[in-house]
Amino acid sequence: MITAIGTPVLLNEIKHILAEAVGGDIDGSVIKNKVKASLIIERYTGIYTMDNATAEFIATSRLTEFVPLLFKAMNETGEDQEFKDRQATLFRYFDFLDKDQAIAILYGQLLSDDLTGAQFKIICKAISSSNLIDYDQVAVSVLRTTCLIAQ
């Protein structure tokens, strides 16, 4: 006989969970963070509407769900110190990722066709400040840019 007790919960789809398994179980904090991330992404309207705690959560979470939100935030502009501090906090996200994962995300975006000037500037700053320079990726980027200009 098998008996199960639990509370029904409605969650958005969770594609994959990168978590440490404890005896084969998924830690409840991982699911909590995934749900919190989903709500942040759903409600995101800009850096100005975000509080410092949310920006810090995004930066330290290591959740790949935030990558599109970060690239959207790269196109936002603001001149006051609060905006600049919050934006700097957000882009510390790449410091918390595994180096190879951060390189793949940043250089992958550099090779995308819909890269804006603001995104290019911030990506380059993130690559240099986080010491994520990968000369193989740089060579591919330069070659691709050269080919696009020649067309």
# chains A, B, ... in the order shown; residues from 1 in each chain; ligands from 1

$ residues_around --residues "A:Glu42" --least-positions-apart "3" --cutoff "12 Å" --atoms "only C-alpha atoms" --output "list in words"
Asn12, Val35, Lys36, Ala37, Ser38, Leu39, Thr45, Gly46, Glu65, Phe66, Pro68 and Leu69 of chain A

$ closest_atom_pairs --of "stretch 3-110 of chain A" --to "stretch 123-127 of chain A" --cutoff "8 Å" --atoms "only C-alpha atoms" --output "CSV"
residue,atom,partner,partner_atom,distance
A:Phe91,CA,A:Ala126,CA,7.1
A:Phe94,CA,A:Ala126,CA,7.4
A:Ile103,CA,A:Ile127,CA,7.8
A:Leu106,CA,A:Ile123,CA,6.3
A:Leu110,CA,A:Ile123,CA,7.6

$ residues_around --residues "A:Asp100" --least-positions-apart "2" --cutoff "12 Å" --atoms "only C-alpha atoms" --output "list in words"
Phe94, Asp95, Phe96, Leu97, Asp98, Ala102, Ile103, Ala104, Ile105, Leu106, Tyr107, Gly108, Ile127, Asn131, Leu132, Ile133, Asp134 and Gln137 of chain A

$ write_last_selection --atoms "C-alpha atoms" --output "PDB file, in the first residue's frame"
ATOM      1  CA  PHE A  94      27.477  37.066 -15.324  1.00  0.00           C
ATOM      2  CA  ASP A  95      29.989  37.073 -12.437  1.00  0.00           C
ATOM      3  CA  PHE A  96      27.967  34.409 -10.638  1.00  0.00           C
ATOM      4  CA  LEU A  97      27.639  32.061 -13.621  1.00  0.00           C
ATOM      5  CA  ASP A  98      30.084  29.343 -14.515  1.00  0.00           C
ATOM      6  CA  ALA A 102      28.749  33.175 -19.177  1.00  0.00           C
ATOM      7  CA  ILE A 103      31.050  33.164 -22.219  1.00  0.00           C
ATOM      8  CA  ALA A 104      28.533  31.153 -24.247  1.00  0.00           C
ATOM      9  CA  ILE A 105      25.679  33.516 -23.369  1.00  0.00           C
ATOM     10  CA  LEU A 106      27.562  36.778 -23.927  1.00  0.00           C
ATOM     11  CA  TYR A 107      29.397  35.815 -27.110  1.00  0.00           C
ATOM     12  CA  GLY A 108      26.262  34.117 -28.428  1.00  0.00           C
ATOM     13  CA  ILE A 127      33.134  40.557 -20.829  1.00  0.00           C
ATOM     14  CA  ASN A 131      37.505  38.650 -17.272  1.00  0.00           C
ATOM     15  CA  LEU A 132      35.533  36.532 -19.755  1.00  0.00           C
ATOM     16  CA  ILE A 133      37.662  37.233 -22.817  1.00  0.00           C
ATOM     17  CA  ASP A 134      37.744  34.142 -25.038  1.00  0.00           C
ATOM     18  CA  GLN A 137      35.051  33.561 -29.675  1.00  0.00           C
TER      19      GLN A 137
END

$ atom_distance --atom1 "atom CA of A:Ile41" --atom2 "atom CA of A:Ser128"
27.0 Å

$ select_by_dssp --residues "stretch 50-144 of chain A" --states "helix (DSSP H, G or I)" --output "PDB file with N, CA and C atoms, in the first residue's frame"
ATOM      1  N   ASN A  52      15.848  47.006  -5.198  1.00  0.00           N
ATOM      2  CA  ASN A  52      17.228  46.529  -5.085  1.00  0.00           C
ATOM      3  C   ASN A  52      17.309  45.048  -4.726  1.00  0.00           C
ATOM      4  N   ALA A  53      16.390  44.577  -3.893  1.00  0.00           N
ATOM      5  CA  ALA A  53      16.390  43.166  -3.498  1.00  0.00           C
ATOM      6  C   ALA A  53      16.132  42.265  -4.706  1.00  0.00           C
ATOM      7  N   THR A  54      15.233  42.680  -5.589  1.00  0.00           N
ATOM      8  CA  THR A  54      14.940  41.902  -6.799  1.00  0.00           C
ATOM      9  C   THR A  54      16.148  41.886  -7.720  1.00  0.00           C
ATOM     10  N   ALA A  55      16.790  43.033  -7.883  1.00  0.00           N
ATOM     11  CA  ALA A  55      17.987  43.089  -8.727  1.00  0.00           C
ATOM     12  C   ALA A  55      19.079  42.184  -8.173  1.00  0.00           C
ATOM     13  N   GLU A  56      19.235  42.174  -6.875  1.00  0.00           N
ATOM     14  CA  GLU A  56      20.237  41.313  -6.231  1.00  0.00           C
ATOM     15  C   GLU A  56      19.877  39.835  -6.408  1.00  0.00           C
ATOM     16  N   PHE A  57      18.591  39.507  -6.288  1.00  0.00           N
ATOM     17  CA  PHE A  57      18.147  38.125  -6.500  1.00  0.00           C
ATOM     18  C   PHE A  57      18.474  37.667  -7.920  1.00  0.00           C
ATOM     19  N   ILE A  58      18.177  38.512  -8.900  1.00  0.00           N
ATOM     20  CA  ILE A  58      18.466  38.171 -10.294  1.00  0.00           C
ATOM     21  C   ILE A  58      19.958  37.942 -10.479  1.00  0.00           C
ATOM     22  N   ALA A  59      20.767  38.846  -9.947  1.00  0.00           N
ATOM     23  CA  ALA A  59      22.217  38.772 -10.132  1.00  0.00           C
ATOM     24  C   ALA A  59      22.814  37.510  -9.525  1.00  0.00           C
ATOM     25  N   THR A  60      22.343  37.113  -8.378  1.00  0.00           N
ATOM     26  CA  THR A  60      22.956  35.984  -7.673  1.00  0.00           C
ATOM     27  C   THR A  60      22.268  34.648  -7.919  1.00  0.00           C
ATOM     28  N   SER A  61      21.154  34.656  -8.637  1.00  0.00           N
ATOM     29  CA  SER A  61      20.345  33.440  -8.777  1.00  0.00           C
ATOM     30  C   SER A  61      20.964  32.356  -9.647  1.00  0.00           C
ATOM     31  N   THR A  64      18.983  30.672 -15.639  1.00  0.00           N
ATOM     32  CA  THR A  64      19.083  31.074 -17.044  1.00  0.00           C
ATOM     33  C   THR A  64      17.803  31.721 -17.551  1.00  0.00           C
ATOM     34  N   GLU A  65      16.730  31.613 -16.808  1.00  0.00           N
ATOM     35  CA  GLU A  65      15.475  32.252 -17.207  1.00  0.00           C
ATOM     36  C   GLU A  65      15.625  33.773 -17.290  1.00  0.00           C
ATOM     37  N   PHE A  66      16.594  34.323 -16.576  1.00  0.00           N
ATOM     38  CA  PHE A  66      16.762  35.770 -16.528  1.00  0.00           C
ATOM     39  C   PHE A  66      17.550  36.340 -17.702  1.00  0.00           C
ATOM     40  N   VAL A  67      18.146  35.502 -18.526  1.00  0.00           N
ATOM     41  CA  VAL A  67      18.981  35.995 -19.627  1.00  0.00           C
ATOM     42  C   VAL A  67      18.197  36.914 -20.569  1.00  0.00           C
ATOM     43  N   PRO A  68      17.003  36.543 -21.066  1.00  0.00           N
ATOM     44  CA  PRO A  68      16.269  37.469 -21.937  1.00  0.00           C
ATOM     45  C   PRO A  68      15.914  38.793 -21.246  1.00  0.00           C
ATOM     46  N   LEU A  69      15.585  38.735 -19.962  1.00  0.00           N
ATOM     47  CA  LEU A  69      15.275  39.943 -19.209  1.00  0.00           C
ATOM     48  C   LEU A  69      16.512  40.847 -19.131  1.00  0.00           C
ATOM     49  N   LEU A  70      17.684  40.263 -18.928  1.00  0.00           N
ATOM     50  CA  LEU A  70      18.911  41.054 -18.853  1.00  0.00           C
ATOM     51  C   LEU A  70      19.213  41.741 -20.177  1.00  0.00           C
ATOM     52  N   PHE A  71      19.017  41.037 -21.281  1.00  0.00           N
ATOM     53  CA  PHE A  71      19.278  41.653 -22.577  1.00  0.00           C
ATOM     54  C   PHE A  71      18.248  42.731 -22.889  1.00  0.00           C
ATOM     55  N   LYS A  72      17.038  42.580 -22.381  1.00  0.00           N
ATOM     56  CA  LYS A  72      16.036  43.634 -22.526  1.00  0.00           C
ATOM     57  C   LYS A  72      16.453  44.850 -21.691  1.00  0.00           C
ATOM     58  N   ALA A  73      16.952  44.604 -20.485  1.00  0.00           N
ATOM     59  CA  ALA A  73      17.369  45.687 -19.593  1.00  0.00           C
ATOM     60  C   ALA A  73      18.570  46.448 -20.149  1.00  0.00           C
ATOM     61  N   GLN A  81      21.624  58.081 -10.361  1.00  0.00           N
ATOM     62  CA  GLN A  81      22.512  57.106  -9.720  1.00  0.00           C
ATOM     63  C   GLN A  81      21.777  55.821  -9.348  1.00  0.00           C
ATOM     64  N   GLU A  82      20.509  55.932  -8.950  1.00  0.00           N
ATOM     65  CA  GLU A  82      19.732  54.750  -8.589  1.00  0.00           C
ATOM     66  C   GLU A  82      19.641  53.790  -9.777  1.00  0.00           C
ATOM     67  N   PHE A  83      19.359  54.316 -10.955  1.00  0.00           N
ATOM     68  CA  PHE A  83      19.270  53.496 -12.160  1.00  0.00           C
ATOM     69  C   PHE A  83      20.615  52.823 -12.442  1.00  0.00           C
ATOM     70  N   LYS A  84      21.692  53.604 -12.398  1.00  0.00           N
ATOM     71  CA  LYS A  84      23.023  53.064 -12.700  1.00  0.00           C
ATOM     72  C   LYS A  84      23.434  51.981 -11.705  1.00  0.00           C
ATOM     73  N   ASP A  85      23.130  52.189 -10.432  1.00  0.00           N
ATOM     74  CA  ASP A  85      23.466  51.192  -9.413  1.00  0.00           C
ATOM     75  C   ASP A  85      22.679  49.903  -9.616  1.00  0.00           C
ATOM     76  N   ARG A  86      21.388  50.043  -9.907  1.00  0.00           N
ATOM     77  CA  ARG A  86      20.553  48.856 -10.102  1.00  0.00           C
ATOM     78  C   ARG A  86      20.964  48.108 -11.360  1.00  0.00           C
ATOM     79  N   GLN A  87      21.297  48.842 -12.424  1.00  0.00           N
ATOM     80  CA  GLN A  87      21.741  48.208 -13.658  1.00  0.00           C
ATOM     81  C   GLN A  87      23.070  47.478 -13.417  1.00  0.00           C
ATOM     82  N   ALA A  88      23.975  48.090 -12.681  1.00  0.00           N
ATOM     83  CA  ALA A  88      25.256  47.445 -12.353  1.00  0.00           C
ATOM     84  C   ALA A  88      25.026  46.170 -11.544  1.00  0.00           C
ATOM     85  N   THR A  89      24.083  46.225 -10.618  1.00  0.00           N
ATOM     86  CA  THR A  89      23.750  45.034  -9.833  1.00  0.00           C
ATOM     87  C   THR A  89      23.235  43.924 -10.735  1.00  0.00           C
ATOM     88  N   LEU A  90      22.340  44.268 -11.643  1.00  0.00           N
ATOM     89  CA  LEU A  90      21.789  43.266 -12.563  1.00  0.00           C
ATOM     90  C   LEU A  90      22.873  42.579 -13.381  1.00  0.00           C
ATOM     91  N   TYR A  93      25.211  39.527 -12.729  1.00  0.00           N
ATOM     92  CA  TYR A  93      24.688  38.176 -12.996  1.00  0.00           C
ATOM     93  C   TYR A  93      25.756  37.298 -13.641  1.00  0.00           C
ATOM     94  N   PHE A  94      26.493  37.849 -14.591  1.00  0.00           N
ATOM     95  CA  PHE A  94      27.477  37.066 -15.324  1.00  0.00           C
ATOM     96  C   PHE A  94      28.673  36.690 -14.460  1.00  0.00           C
ATOM     97  N   ASP A  95      28.922  37.413 -13.376  1.00  0.00           N
ATOM     98  CA  ASP A  95      29.989  37.073 -12.437  1.00  0.00           C
ATOM     99  C   ASP A  95      29.661  35.811 -11.645  1.00  0.00           C
ATOM    100  N   PHE A  96      28.387  35.552 -11.447  1.00  0.00           N
ATOM    101  CA  PHE A  96      27.967  34.409 -10.638  1.00  0.00           C
ATOM    102  C   PHE A  96      27.819  33.123 -11.451  1.00  0.00           C
ATOM    103  N   LYS A  99      32.039  30.181 -15.706  1.00  0.00           N
ATOM    104  CA  LYS A  99      32.738  30.983 -16.716  1.00  0.00           C
ATOM    105  C   LYS A  99      32.363  30.556 -18.140  1.00  0.00           C
ATOM    106  N   ASP A 100      32.332  29.259 -18.403  1.00  0.00           N
ATOM    107  CA  ASP A 100      31.993  28.782 -19.753  1.00  0.00           C
ATOM    108  C   ASP A 100      30.562  29.139 -20.139  1.00  0.00           C
ATOM    109  N   GLN A 101      29.658  29.054 -19.179  1.00  0.00           N
ATOM    110  CA  GLN A 101      28.261  29.401 -19.441  1.00  0.00           C
ATOM    111  C   GLN A 101      28.119  30.899 -19.732  1.00  0.00           C
ATOM    112  N   ALA A 102      28.804  31.729 -18.955  1.00  0.00           N
ATOM    113  CA  ALA A 102      28.749  33.175 -19.177  1.00  0.00           C
ATOM    114  C   ALA A 102      29.327  33.540 -20.536  1.00  0.00           C
ATOM    115  N   ILE A 103      30.438  32.913 -20.910  1.00  0.00           N
ATOM    116  CA  ILE A 103      31.050  33.164 -22.219  1.00  0.00           C
ATOM    117  C   ILE A 103      30.092  32.774 -23.338  1.00  0.00           C
ATOM    118  N   ALA A 104      29.465  31.616 -23.211  1.00  0.00           N
ATOM    119  CA  ALA A 104      28.533  31.153 -24.247  1.00  0.00           C
ATOM    120  C   ALA A 104      27.364  32.122 -24.412  1.00  0.00           C
ATOM    121  N   ILE A 105      26.826  32.597 -23.305  1.00  0.00           N
ATOM    122  CA  ILE A 105      25.679  33.516 -23.369  1.00  0.00           C
ATOM    123  C   ILE A 105      26.089  34.857 -23.983  1.00  0.00           C
ATOM    124  N   LEU A 106      27.158  35.445 -23.474  1.00  0.00           N
ATOM    125  CA  LEU A 106      27.562  36.778 -23.927  1.00  0.00           C
ATOM    126  C   LEU A 106      28.040  36.783 -25.374  1.00  0.00           C
ATOM    127  N   TYR A 107      28.906  35.845 -25.732  1.00  0.00           N
ATOM    128  CA  TYR A 107      29.397  35.815 -27.110  1.00  0.00           C
ATOM    129  C   TYR A 107      28.302  35.361 -28.074  1.00  0.00           C
ATOM    130  N   GLY A 108      27.401  34.513 -27.600  1.00  0.00           N
ATOM    131  CA  GLY A 108      26.262  34.117 -28.428  1.00  0.00           C
ATOM    132  C   GLY A 108      25.396  35.311 -28.779  1.00  0.00           C
ATOM    133  N   GLN A 109      25.199  36.191 -27.811  1.00  0.00           N
ATOM    134  CA  GLN A 109      24.415  37.401 -28.066  1.00  0.00           C
ATOM    135  C   GLN A 109      25.154  38.352 -29.002  1.00  0.00           C
ATOM    136  N   LEU A 110      26.484  38.405 -28.867  1.00  0.00           N
ATOM    137  CA  LEU A 110      27.268  39.254 -29.772  1.00  0.00           C
ATOM    138  C   LEU A 110      27.095  38.825 -31.222  1.00  0.00           C
ATOM    139  N   GLY A 117      23.103  48.764 -30.214  1.00  0.00           N
ATOM    140  CA  GLY A 117      24.332  49.425 -29.796  1.00  0.00           C
ATOM    141  C   GLY A 117      24.502  49.419 -28.286  1.00  0.00           C
ATOM    142  N   ALA A 118      23.408  49.630 -27.562  1.00  0.00           N
ATOM    143  CA  ALA A 118      23.465  49.628 -26.097  1.00  0.00           C
ATOM    144  C   ALA A 118      23.844  48.247 -25.575  1.00  0.00           C
ATOM    145  N   GLN A 119      23.242  47.212 -26.181  1.00  0.00           N
ATOM    146  CA  GLN A 119      23.573  45.848 -25.761  1.00  0.00           C
ATOM    147  C   GLN A 119      25.044  45.543 -26.038  1.00  0.00           C
ATOM    148  N   PHE A 120      25.533  45.942 -27.212  1.00  0.00           N
ATOM    149  CA  PHE A 120      26.919  45.694 -27.569  1.00  0.00           C
ATOM    150  C   PHE A 120      27.864  46.315 -26.541  1.00  0.00           C
ATOM    151  N   LYS A 121      27.592  47.544 -26.171  1.00  0.00           N
ATOM    152  CA  LYS A 121      28.433  48.267 -25.214  1.00  0.00           C
ATOM    153  C   LYS A 121      28.448  47.567 -23.850  1.00  0.00           C
ATOM    154  N   ILE A 122      27.281  47.175 -23.362  1.00  0.00           N
ATOM    155  CA  ILE A 122      27.191  46.546 -22.042  1.00  0.00           C
ATOM    156  C   ILE A 122      27.783  45.140 -22.070  1.00  0.00           C
ATOM    157  N   ILE A 123      27.563  44.397 -23.149  1.00  0.00           N
ATOM    158  CA  ILE A 123      28.140  43.057 -23.252  1.00  0.00           C
ATOM    159  C   ILE A 123      29.665  43.141 -23.239  1.00  0.00           C
ATOM    160  N   CYS A 124      30.217  44.069 -23.997  1.00  0.00           N
ATOM    161  CA  CYS A 124      31.677  44.236 -24.025  1.00  0.00           C
ATOM    162  C   CYS A 124      32.208  44.614 -22.646  1.00  0.00           C
ATOM    163  N   LYS A 125      31.484  45.481 -21.947  1.00  0.00           N
ATOM    164  CA  LYS A 125      31.889  45.876 -20.596  1.00  0.00           C
ATOM    165  C   LYS A 125      31.823  44.679 -19.645  1.00  0.00           C
ATOM    166  N   ALA A 126      30.760  43.864 -19.764  1.00  0.00           N
ATOM    167  CA  ALA A 126      30.618  42.675 -18.913  1.00  0.00           C
ATOM    168  C   ALA A 126      31.728  41.671 -19.195  1.00  0.00           C
ATOM    169  N   ILE A 127      32.077  41.496 -20.457  1.00  0.00           N
ATOM    170  CA  ILE A 127      33.134  40.557 -20.829  1.00  0.00           C
ATOM    171  C   ILE A 127      34.468  40.999 -20.236  1.00  0.00           C
ATOM    172  N   SER A 128      34.785  42.265 -20.366  1.00  0.00           N
ATOM    173  CA  SER A 128      36.082  42.731 -19.864  1.00  0.00           C
ATOM    174  C   SER A 128      36.110  42.815 -18.340  1.00  0.00           C
ATOM    175  N   SER A 129      35.052  43.325 -17.716  1.00  0.00           N
ATOM    176  CA  SER A 129      35.066  43.478 -16.257  1.00  0.00           C
ATOM    177  C   SER A 129      35.010  42.138 -15.532  1.00  0.00           C
ATOM    178  N   TYR A 135      39.472  34.291 -26.733  1.00  0.00           N
ATOM    179  CA  TYR A 135      40.036  34.717 -28.013  1.00  0.00           C
ATOM    180  C   TYR A 135      39.489  33.918 -29.193  1.00  0.00           C
ATOM    181  N   ASP A 136      39.092  32.677 -28.973  1.00  0.00           N
ATOM    182  CA  ASP A 136      38.460  31.915 -30.058  1.00  0.00           C
ATOM    183  C   ASP A 136      37.123  32.543 -30.435  1.00  0.00           C
ATOM    184  N   GLN A 137      36.349  32.923 -29.426  1.00  0.00           N
ATOM    185  CA  GLN A 137      35.051  33.561 -29.675  1.00  0.00           C
ATOM    186  C   GLN A 137      35.232  34.944 -30.302  1.00  0.00           C
ATOM    187  N   VAL A 138      36.262  35.659 -29.872  1.00  0.00           N
ATOM    188  CA  VAL A 138      36.539  36.983 -30.437  1.00  0.00           C
ATOM    189  C   VAL A 138      36.848  36.846 -31.919  1.00  0.00           C
ATOM    190  N   ALA A 139      37.646  35.852 -32.280  1.00  0.00           N
ATOM    191  CA  ALA A 139      38.000  35.641 -33.684  1.00  0.00           C
ATOM    192  C   ALA A 139      36.758  35.345 -34.524  1.00  0.00           C
ATOM    193  N   VAL A 140      35.850  34.538 -34.004  1.00  0.00           N
ATOM    194  CA  VAL A 140      34.601  34.230 -34.718  1.00  0.00           C
ATOM    195  C   VAL A 140      33.770  35.495 -34.879  1.00  0.00           C
ATOM    196  N   SER A 141      33.671  36.297 -33.820  1.00  0.00           N
ATOM    197  CA  SER A 141      32.886  37.537 -33.866  1.00  0.00           C
ATOM    198  C   SER A 141      33.456  38.512 -34.891  1.00  0.00           C
ATOM    199  N   VAL A 142      34.769  38.668 -34.895  1.00  0.00           N
ATOM    200  CA  VAL A 142      35.417  39.591 -35.831  1.00  0.00           C
ATOM    201  C   VAL A 142      35.223  39.115 -37.261  1.00  0.00           C
ATOM    202  N   LEU A 143      35.388  37.828 -37.485  1.00  0.00           N
ATOM    203  CA  LEU A 143      35.207  37.274 -38.827  1.00  0.00           C
ATOM    204  C   LEU A 143      33.778  37.485 -39.310  1.00  0.00           C
ATOM    205  N   ARG A 144      32.812  37.236 -38.438  1.00  0.00           N
ATOM    206  CA  ARG A 144      31.411  37.400 -38.824  1.00  0.00           C
ATOM    207  C   ARG A 144      31.101  38.869 -39.118  1.00  0.00           C
TER     208      ARG A 144
END

$ atom_distance --atom1 "atom CA of A:Asn75" --atom2 "atom CA of A:Tyr48"
13.0 Å

$ atom_distance --atom1 "atom CA of A:Glu76" --atom2 "atom CA of A:Ile40"
17.0 Å
